[in-house]
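Just below is one structure, and these are the notes that go with it.
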Amino acid sequence: MSNTIDVSIVIAAWNAQSFILTAINSALSQEGVSVEVIVVDDSSTDNTCNVVESTVDSRVKLLRSEVNGGPGAARNIGFDAAKGTWIAVLDSDDSMSQNRLKNMLGAAPAKADVLIDNFCELSSNGILSKPFYSHTELPLGRLNLSFLIETNLVFTGVKSTGYVKPLFKNEFVKDNNIKYWPEVRIGEDYYFLASCLACGAIVEVLEQTGYIYTIRDGSISSELEISHVEKLLRFDEKFMHKYS
């Protein structure tokens, strides 16, 4: 894909009026790379769309979903519209350091299809943590599907690698028709990355730490209920059937 956009940053948003500007501004402030910011409103009932439209920057594009389909469905809309060489996923309540994308692309191996960096957590009182993963928990270099699965087994005490927010090569995702599963509303990032690996993606873990994950009370990813486990079992079965 020959174009002038290095990275398309896809932000799925639902009732995010109080915090989405932080995410958008961190995307627009990326240094050393050309970006477009695609915000997909997942049928919000608040003023999210008005807040996004108040951003006076031609790089910001707002797409509206007529129904609430969840983060996976919204990201599929954004990925389909993305024109950049790479696609970055940014949650509407998270942010990125200014040099994140430049540093990742600068360290990217020539044939990589997916790039992964470390992240820090931002607490509700504004304290930024150290990098979330050690090099033992997320080793640098090539990531394989076996390691991804082994580090996402519940009730093992292993720190999940399913929280990473990779950069995906746009061409690879579209050539292999990889989609988020709309029915998955917890663990959707894990299954998307696992699907990339199952399709032969070259996934590289980089030294950089640039994603900032905001700890927010009440977010679905902060709690694991029995119903979630039951759904994950069904999704695992679907994954094994699709990539036997």
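Ligands are numbered from 1 in the order shown, residues from 1 within each chain, and chains are lettered A, B, ... in the order they appear in the structure tokens.
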
What's around Val39 of chain A at 12 Å? Count only C-alpha atoms, leave out sequence neighbours fewer than 4 positions away in its own chain, and write the answer as an NGL selection string. :A and (8-14 or 16 or 20-21 or 23-24 or 27 or 43 or 48-53 or 55 or 59-65 or 71 or 74-79 or 81-82 or 88-92)

Take the residues from that selection and put them in a file with N, CA and C atoms, as a CSV table (one decimal), in the first residue's frame.
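Ended up saving to result.csv:
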chain,number,residue,atom,x,y,z
A,8,SER,N,-2.5,4.3,10.7
A,8,SER,CA,-3.9,4.6,11.0
A,8,SER,C,-4.2,4.2,12.4
A,9,ILE,N,-4.6,5.1,13.2
A,9,ILE,CA,-4.9,4.9,14.6
A,9,ILE,C,-6.4,4.7,14.8
A,10,VAL,N,-6.8,3.6,15.1
A,10,VAL,CA,-8.3,3.3,15.2
A,10,VAL,C,-8.7,3.3,16.7
A,11,ILE,N,-9.7,4.2,17.0
A,11,ILE,CA,-10.2,4.3,18.3
A,11,ILE,C,-11.7,3.9,18.3
A,12,ALA,N,-12.1,2.8,18.9
A,12,ALA,CA,-13.5,2.5,19.1
A,12,ALA,C,-14.0,3.2,20.3
A,13,ALA,N,-15.1,3.8,20.2
A,13,ALA,CA,-15.6,4.7,21.3
A,13,ALA,C,-17.1,4.4,21.6
A,14,TRP,N,-17.4,4.3,22.9
A,14,TRP,CA,-18.8,4.2,23.3
A,14,TRP,C,-18.9,5.0,24.6
A,16,ALA,N,-17.9,7.9,25.5
A,16,ALA,CA,-16.5,8.2,25.9
A,16,ALA,C,-16.3,9.7,26.0
A,20,ILE,N,-12.3,10.9,25.8
A,20,ILE,CA,-11.8,10.5,24.4
A,20,ILE,C,-10.8,11.6,23.9
A,21,LEU,N,-10.9,12.8,24.3
A,21,LEU,CA,-10.0,13.9,23.8
A,21,LEU,C,-8.6,13.6,24.2
A,23,ALA,N,-7.2,10.6,24.4
A,23,ALA,CA,-6.8,9.6,23.4
A,23,ALA,C,-6.5,10.2,22.0
A,24,ILE,N,-7.4,11.1,21.6
A,24,ILE,CA,-7.3,11.7,20.3
A,24,ILE,C,-6.0,12.6,20.2
A,27,ALA,N,-2.8,10.7,20.0
A,27,ALA,CA,-2.7,10.2,18.7
A,27,ALA,C,-2.2,11.3,17.7
A,43,SER,N,-22.4,3.7,18.5
A,43,SER,CA,-23.8,4.1,18.8
A,43,SER,C,-23.9,4.6,20.3
A,48,THR,N,-20.4,11.9,22.7
A,48,THR,CA,-19.1,11.4,22.2
A,48,THR,C,-18.8,12.0,20.8
A,49,CYS,N,-19.8,11.9,19.9
A,49,CYS,CA,-19.7,12.4,18.5
A,49,CYS,C,-19.4,13.9,18.5
A,50,ASN,N,-20.1,14.6,19.3
A,50,ASN,CA,-19.9,16.1,19.3
A,50,ASN,C,-18.5,16.4,19.8
A,51,VAL,N,-18.0,15.7,20.8
A,51,VAL,CA,-16.7,16.0,21.3
A,51,VAL,C,-15.7,15.7,20.2
A,52,VAL,N,-15.8,14.6,19.5
A,52,VAL,CA,-14.9,14.2,18.4
A,52,VAL,C,-14.9,15.3,17.3
A,53,GLU,N,-16.1,15.7,16.9
A,53,GLU,CA,-16.3,16.7,15.8
A,53,GLU,C,-15.8,18.0,16.2
A,55,THR,N,-12.9,18.5,17.4
A,55,THR,CA,-11.5,18.5,17.1
A,55,THR,C,-11.2,19.1,15.7
A,59,ARG,N,-6.9,15.3,10.1
A,59,ARG,CA,-6.5,13.9,10.2
A,59,ARG,C,-7.5,13.1,11.0
A,60,VAL,N,-8.4,13.7,11.7
A,60,VAL,CA,-9.4,13.0,12.5
A,60,VAL,C,-10.7,12.7,11.7
A,61,LYS,N,-11.0,11.4,11.6
A,61,LYS,CA,-12.2,11.0,10.9
A,61,LYS,C,-13.2,10.3,11.8
A,62,LEU,N,-14.4,10.7,11.8
A,62,LEU,CA,-15.4,10.1,12.6
A,62,LEU,C,-16.4,9.2,11.8
A,63,LEU,N,-16.5,7.9,12.2
A,63,LEU,CA,-17.4,7.0,11.6
A,63,LEU,C,-18.4,6.6,12.6
A,64,ARG,N,-19.6,6.5,12.2
A,64,ARG,CA,-20.7,6.2,13.2
A,64,ARG,C,-21.3,4.8,12.8
A,65,SER,N,-21.4,4.0,13.9
A,65,SER,CA,-22.1,2.7,13.7
A,65,SER,C,-23.6,2.9,14.1
A,71,PRO,N,-16.7,-3.5,21.0
A,71,PRO,CA,-15.4,-3.0,20.5
A,71,PRO,C,-14.9,-3.7,19.3
A,74,ALA,N,-16.7,-2.4,16.2
A,74,ALA,CA,-16.3,-1.0,15.9
A,74,ALA,C,-14.9,-1.0,15.3
A,75,ARG,N,-14.0,-1.8,15.8
A,75,ARG,CA,-12.6,-1.9,15.2
A,75,ARG,C,-12.6,-2.4,13.8
A,76,ASN,N,-13.5,-3.4,13.5
A,76,ASN,CA,-13.6,-3.8,12.1
A,76,ASN,C,-13.9,-2.7,11.2
A,77,ILE,N,-14.9,-1.8,11.6
A,77,ILE,CA,-15.2,-0.7,10.7
A,77,ILE,C,-14.0,0.2,10.5
A,78,GLY,N,-13.3,0.4,11.6
A,78,GLY,CA,-12.1,1.3,11.5
A,78,GLY,C,-11.0,0.7,10.7
A,79,PHE,N,-10.8,-0.6,10.8
A,79,PHE,CA,-9.7,-1.3,10.1
A,79,PHE,C,-10.1,-1.3,8.6
A,81,ALA,N,-11.6,0.9,7.0
A,81,ALA,CA,-11.4,2.3,6.4
A,81,ALA,C,-10.0,2.7,6.5
A,82,ALA,N,-9.1,2.0,7.2
A,82,ALA,CA,-7.7,2.5,7.4
A,82,ALA,C,-6.9,2.5,6.1
A,88,ALA,N,-2.8,1.0,14.2
A,88,ALA,CA,-2.7,0.9,15.7
A,88,ALA,C,-4.0,0.9,16.3
A,89,VAL,N,-4.2,0.1,17.3
A,89,VAL,CA,-5.5,0.2,18.1
A,89,VAL,C,-5.2,1.0,19.4
A,90,LEU,N,-6.1,2.0,19.6
A,90,LEU,CA,-6.0,2.8,20.8
A,90,LEU,C,-7.4,2.8,21.5
A,91,ASP,N,-7.4,2.4,22.7
A,91,ASP,CA,-8.7,2.4,23.4
A,91,ASP,C,-9.1,3.9,23.7
A,92,SER,N,-10.3,4.1,23.8
A,92,SER,CA,-10.8,5.5,23.9
A,92,SER,C,-10.4,6.2,25.3

Give me the residues near segment 158-164 of chain A as a PyMOL selection string, where near means some atom within 12 Å (using only C-alpha atoms) and where sequence neighbours in that chain fewer than 2 positions away do not count. chain A and resi 88-91+114-121+131-139+143-156+166-168+186-194+205-206+209-213+221-222

Can you list, as a VMD selection string, every residue of segment 5-234 of chain A that DSSP puts in strand (DSSP E or B)? chain A and resid 7 to 13 35 to 41 60 to 64 86 to 89 95 to 96 114 to 122 128 141 to 143 167 to 169 203 to 214

Deliver the residues from the most recent selection as a file, using N, CA and C atoms, as a short mmCIF file (atom, residue, chain, number, x, y, z; two decimals), in the first residue's frame.
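As a result, selection07.cif now contains:
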data_model
loop_
_atom_site.label_atom_id
_atom_site.label_comp_id
_atom_site.auth_asym_id
_atom_site.auth_seq_id
_atom_site.Cartn_x
_atom_site.Cartn_y
_atom_site.Cartn_z
N VAL A 7 0.68 5.41 9.79
CA VAL A 7 -0.13 4.65 10.75
C VAL A 7 -1.56 5.18 10.81
N SER A 8 -2.51 4.29 10.68
CA SER A 8 -3.91 4.60 10.95
C SER A 8 -4.19 4.20 12.40
N ILE A 9 -4.62 5.15 13.21
CA ILE A 9 -4.90 4.89 14.62
C ILE A 9 -6.40 4.75 14.79
N VAL A 10 -6.85 3.56 15.15
CA VAL A 10 -8.28 3.26 15.24
C VAL A 10 -8.72 3.31 16.70
N ILE A 11 -9.70 4.16 16.97
CA ILE A 11 -10.24 4.32 18.32
C ILE A 11 -11.71 3.94 18.30
N ALA A 12 -12.06 2.84 18.94
CA ALA A 12 -13.46 2.46 19.11
C ALA A 12 -13.99 3.18 20.33
N ALA A 13 -15.14 3.84 20.19
CA ALA A 13 -15.63 4.68 21.29
C ALA A 13 -17.10 4.41 21.58
N VAL A 35 0.03 10.28 10.46
CA VAL A 35 -1.05 9.47 11.00
C VAL A 35 -2.40 9.96 10.51
N GLU A 36 -3.37 9.06 10.56
CA GLU A 36 -4.78 9.41 10.50
C GLU A 36 -5.42 8.80 11.74
N VAL A 37 -6.41 9.48 12.28
CA VAL A 37 -7.07 9.01 13.49
C VAL A 37 -8.52 8.70 13.13
N ILE A 38 -8.87 7.43 13.19
CA ILE A 38 -10.22 6.99 12.83
C ILE A 38 -10.97 6.65 14.11
N VAL A 39 -11.94 7.48 14.46
CA VAL A 39 -12.77 7.24 15.63
C VAL A 39 -14.07 6.59 15.15
N VAL A 40 -14.37 5.42 15.68
CA VAL A 40 -15.61 4.72 15.33
C VAL A 40 -16.54 4.79 16.53
N ASP A 41 -17.59 5.57 16.42
CA ASP A 41 -18.55 5.68 17.51
C ASP A 41 -19.50 4.49 17.47
N VAL A 60 -8.43 13.70 11.69
CA VAL A 60 -9.42 12.98 12.50
C VAL A 60 -10.65 12.69 11.66
N LYS A 61 -11.03 11.43 11.62
CA LYS A 61 -12.21 11.01 10.86
C LYS A 61 -13.17 10.29 11.80
N LEU A 62 -14.43 10.70 11.79
CA LEU A 62 -15.45 10.08 12.64
C LEU A 62 -16.36 9.19 11.80
N LEU A 63 -16.45 7.93 12.19
CA LEU A 63 -17.37 6.99 11.56
C LEU A 63 -18.39 6.57 12.61
N ARG A 64 -19.65 6.49 12.21
CA ARG A 64 -20.72 6.17 13.16
C ARG A 64 -21.33 4.81 12.85
N TRP A 86 0.48 0.87 8.48
CA TRP A 86 0.26 0.15 9.72
C TRP A 86 -1.05 0.61 10.36
N ILE A 87 -1.61 -0.25 11.20
CA ILE A 87 -2.82 0.10 11.95
C ILE A 87 -2.53 -0.08 13.43
N ALA A 88 -2.82 0.96 14.20
CA ALA A 88 -2.67 0.90 15.65
C ALA A 88 -4.04 0.95 16.31
N VAL A 89 -4.23 0.14 17.33
CA VAL A 89 -5.46 0.17 18.12
C VAL A 89 -5.21 0.99 19.37
N SER A 95 -3.91 6.26 26.13
CA SER A 95 -3.11 7.24 25.39
C SER A 95 -1.77 6.63 25.01
N MET A 96 -0.96 7.40 24.28
CA MET A 96 0.36 6.95 23.85
C MET A 96 1.38 8.04 24.09
N VAL A 114 3.50 -7.76 12.50
CA VAL A 114 2.90 -7.24 13.73
C VAL A 114 4.03 -6.81 14.66
N LEU A 115 3.87 -5.63 15.27
CA LEU A 115 4.86 -5.11 16.20
C LEU A 115 4.22 -4.93 17.57
N ILE A 116 4.93 -5.35 18.62
CA ILE A 116 4.41 -5.26 19.98
C ILE A 116 5.40 -4.52 20.85
N ASP A 117 4.89 -3.57 21.64
CA ASP A 117 5.73 -2.91 22.63
C ASP A 117 5.15 -3.16 24.01
N ASN A 118 5.86 -2.75 25.03
CA ASN A 118 5.41 -2.85 26.41
C ASN A 118 4.48 -1.68 26.71
N PHE A 119 3.86 -1.68 27.87
CA PHE A 119 3.01 -0.55 28.23
C PHE A 119 3.13 -0.25 29.72
N CYS A 120 2.69 0.94 30.09
CA CYS A 120 2.61 1.34 31.50
C CYS A 120 1.15 1.55 31.87
N GLU A 121 0.87 1.44 33.15
CA GLU A 121 -0.48 1.68 33.64
C GLU A 121 -0.55 3.03 34.33
N LEU A 122 -1.62 3.76 34.05
CA LEU A 122 -1.86 5.06 34.68
C LEU A 122 -2.99 4.89 35.69
N LEU A 128 2.06 6.89 37.12
CA LEU A 128 2.42 6.02 35.99
C LEU A 128 3.33 4.91 36.49
N GLY A 141 11.90 -10.07 20.71
CA GLY A 141 12.12 -10.88 19.52
C GLY A 141 10.84 -11.53 19.03
N ARG A 142 10.97 -12.65 18.35
CA ARG A 142 9.84 -13.31 17.70
C ARG A 142 8.86 -13.89 18.72
N LEU A 143 7.59 -13.59 18.52
CA LEU A 143 6.53 -14.15 19.35
C LEU A 143 5.81 -15.24 18.56
N LEU A 167 0.90 -3.00 16.69
CA LEU A 167 0.71 -2.39 15.38
C LEU A 167 0.59 -3.53 14.37
N PHE A 168 -0.41 -3.44 13.51
CA PHE A 168 -0.65 -4.48 12.52
C PHE A 168 -0.38 -3.95 11.12
N LYS A 169 0.34 -4.72 10.30
CA LYS A 169 0.55 -4.35 8.91
C LYS A 169 -0.79 -4.43 8.19
N VAL A 203 5.55 -11.85 14.07
CA VAL A 203 5.23 -10.94 15.18
C VAL A 203 6.50 -10.69 15.99
N GLU A 204 6.85 -9.43 16.14
CA GLU A 204 8.08 -9.05 16.83
C GLU A 204 7.78 -8.22 18.08
N VAL A 205 8.37 -8.62 19.20
CA VAL A 205 8.28 -7.86 20.45
C VAL A 205 9.49 -6.93 20.53
N LEU A 206 9.22 -5.64 20.71
CA LEU A 206 10.27 -4.63 20.70
C LEU A 206 10.60 -4.16 22.12
N GLU A 207 11.73 -3.53 22.26
CA GLU A 207 12.20 -3.03 23.55
C GLU A 207 11.36 -1.85 24.05
N GLN A 208 10.71 -1.15 23.16
CA GLN A 208 10.05 0.11 23.48
C GLN A 208 8.87 -0.07 24.46
N THR A 209 8.59 1.00 25.19
CA THR A 209 7.41 1.08 26.05
C THR A 209 6.73 2.41 25.75
N GLY A 210 5.54 2.36 25.11
CA GLY A 210 4.93 3.62 24.72
C GLY A 210 3.43 3.72 24.87
N TYR A 211 2.76 2.60 25.12
CA TYR A 211 1.31 2.62 25.30
C TYR A 211 1.00 2.88 26.77
N ILE A 212 -0.02 3.69 27.03
CA ILE A 212 -0.40 4.02 28.41
C ILE A 212 -1.82 3.54 28.65
N TYR A 213 -1.94 2.52 29.48
CA TYR A 213 -3.22 1.89 29.78
C TYR A 213 -3.82 2.52 31.03
N THR A 214 -5.01 3.08 30.91
CA THR A 214 -5.65 3.77 32.02
C THR A 214 -6.47 2.81 32.86
#

Contacts of Pro182 of chain A within 8 Å, only C-alpha atoms, excl. fewer than 6 positions in-chain, as an NGL selection string: :A and (69-73)

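Considering the residues A:Ser34, A:Asn103, A:Asn177, A:Ser97 and counting only C-alpha atoms, Asp6 of chain A has its shortest atom-to-atom contact with A:Ser34.
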
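Using only C-alpha atoms for every distance, the candidate list A:Pro109, A:Gly200, A:Gly126, A:Gly157 yields A:Gly126 as the residue closest to Arg216 of chain A.
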
All helix (DSSP H, G or I) residues (DSSP, backbone) inside segment 109-223 of chain A, as a short mmCIF file (atom, residue, chain, number, x, y, z; two decimals) with N, CA and C atoms, in the first residue's frame:
data_model
loop_
_atom_site.label_atom_id
_atom_site.label_comp_id
_atom_site.auth_asym_id
_atom_site.auth_seq_id
_atom_site.Cartn_x
_atom_site.Cartn_y
_atom_site.Cartn_z
N LEU A 145 2.68 -18.46 18.41
CA LEU A 145 1.32 -18.72 18.87
C LEU A 145 1.31 -19.56 20.14
N SER A 146 2.22 -20.50 20.24
CA SER A 146 2.28 -21.35 21.42
C SER A 146 2.49 -20.52 22.68
N PHE A 147 3.42 -19.57 22.62
CA PHE A 147 3.71 -18.73 23.78
C PHE A 147 2.51 -17.84 24.11
N LEU A 148 1.84 -17.32 23.09
CA LEU A 148 0.68 -16.47 23.33
C LEU A 148 -0.42 -17.25 24.05
N ILE A 149 -0.67 -18.48 23.60
CA ILE A 149 -1.70 -19.29 24.24
C ILE A 149 -1.31 -19.64 25.68
N GLU A 150 -0.06 -20.05 25.87
CA GLU A 150 0.40 -20.47 27.19
C GLU A 150 0.32 -19.33 28.21
N THR A 161 -0.48 -12.01 28.30
CA THR A 161 0.07 -11.22 27.20
C THR A 161 -1.04 -10.73 26.27
N GLY A 162 -2.28 -11.00 26.63
CA GLY A 162 -3.41 -10.58 25.81
C GLY A 162 -3.74 -9.11 25.93
N TYR A 163 -3.03 -8.40 26.82
CA TYR A 163 -3.28 -6.97 27.00
C TYR A 163 -2.51 -6.09 26.03
N ASN A 170 -1.24 -3.30 7.66
CA ASN A 170 -2.55 -3.20 7.03
C ASN A 170 -2.71 -4.24 5.92
N GLU A 171 -1.69 -4.37 5.10
CA GLU A 171 -1.74 -5.29 3.97
C GLU A 171 -1.91 -6.74 4.44
N PHE A 172 -1.21 -7.12 5.51
CA PHE A 172 -1.31 -8.49 6.00
C PHE A 172 -2.72 -8.79 6.51
N VAL A 173 -3.27 -7.87 7.29
CA VAL A 173 -4.60 -8.08 7.86
C VAL A 173 -5.65 -8.24 6.75
N LYS A 174 -5.56 -7.39 5.74
CA LYS A 174 -6.58 -7.43 4.69
C LYS A 174 -6.36 -8.59 3.72
N ASP A 175 -5.11 -8.91 3.43
CA ASP A 175 -4.85 -10.05 2.55
C ASP A 175 -5.34 -11.36 3.16
N GLU A 188 -11.06 -9.76 23.11
CA GLU A 188 -11.08 -9.59 21.65
C GLU A 188 -9.70 -9.33 21.07
N ASP A 189 -8.84 -8.64 21.83
CA ASP A 189 -7.49 -8.37 21.34
C ASP A 189 -6.67 -9.66 21.24
N TYR A 190 -6.85 -10.54 22.23
CA TYR A 190 -6.12 -11.82 22.22
C TYR A 190 -6.48 -12.64 20.98
N TYR A 191 -7.76 -12.79 20.70
CA TYR A 191 -8.17 -13.63 19.58
C TYR A 191 -7.75 -13.04 18.23
N PHE A 192 -7.72 -11.70 18.15
CA PHE A 192 -7.28 -11.08 16.89
C PHE A 192 -5.80 -11.34 16.67
N LEU A 193 -4.99 -11.15 17.70
CA LEU A 193 -3.55 -11.41 17.57
C LEU A 193 -3.29 -12.89 17.32
N ALA A 194 -4.03 -13.76 18.01
CA ALA A 194 -3.86 -15.20 17.79
C ALA A 194 -4.21 -15.58 16.36
N SER A 195 -5.23 -14.94 15.81
CA SER A 195 -5.61 -15.21 14.42
C SER A 195 -4.51 -14.80 13.46
N CYS A 196 -3.87 -13.66 13.75
CA CYS A 196 -2.74 -13.22 12.92
C CYS A 196 -1.63 -14.27 12.93
N LEU A 197 -1.29 -14.75 14.13
CA LEU A 197 -0.24 -15.76 14.25
C LEU A 197 -0.63 -17.05 13.56
N ALA A 198 -1.90 -17.44 13.68
CA ALA A 198 -2.36 -18.67 13.03
C ALA A 198 -2.30 -18.57 11.52
N ILE A 220 -14.81 -3.42 31.76
CA ILE A 220 -15.11 -4.85 31.66
C ILE A 220 -13.86 -5.71 31.79
N SER A 221 -12.70 -5.16 31.41
CA SER A 221 -11.46 -5.95 31.46
C SER A 221 -10.92 -6.07 32.88
N SER A 222 -11.48 -5.34 33.85
CA SER A 222 -10.94 -5.37 35.20
C SER A 222 -11.56 -6.46 36.06
#

Separating atom CA of Asn176 of chain A from atom CA of Ala201 of chain A, to the nearest tenth of an Å, is a gap of 9.7 Å

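For the pair atom CA of Leu105 of chain A and atom CA of Tyr180 of chain A, the separation is 23.7 Å.
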
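In this structure, atom CA of Val67 of chain A sits 21.6 Å away from atom CA of Phe19 of chain A.
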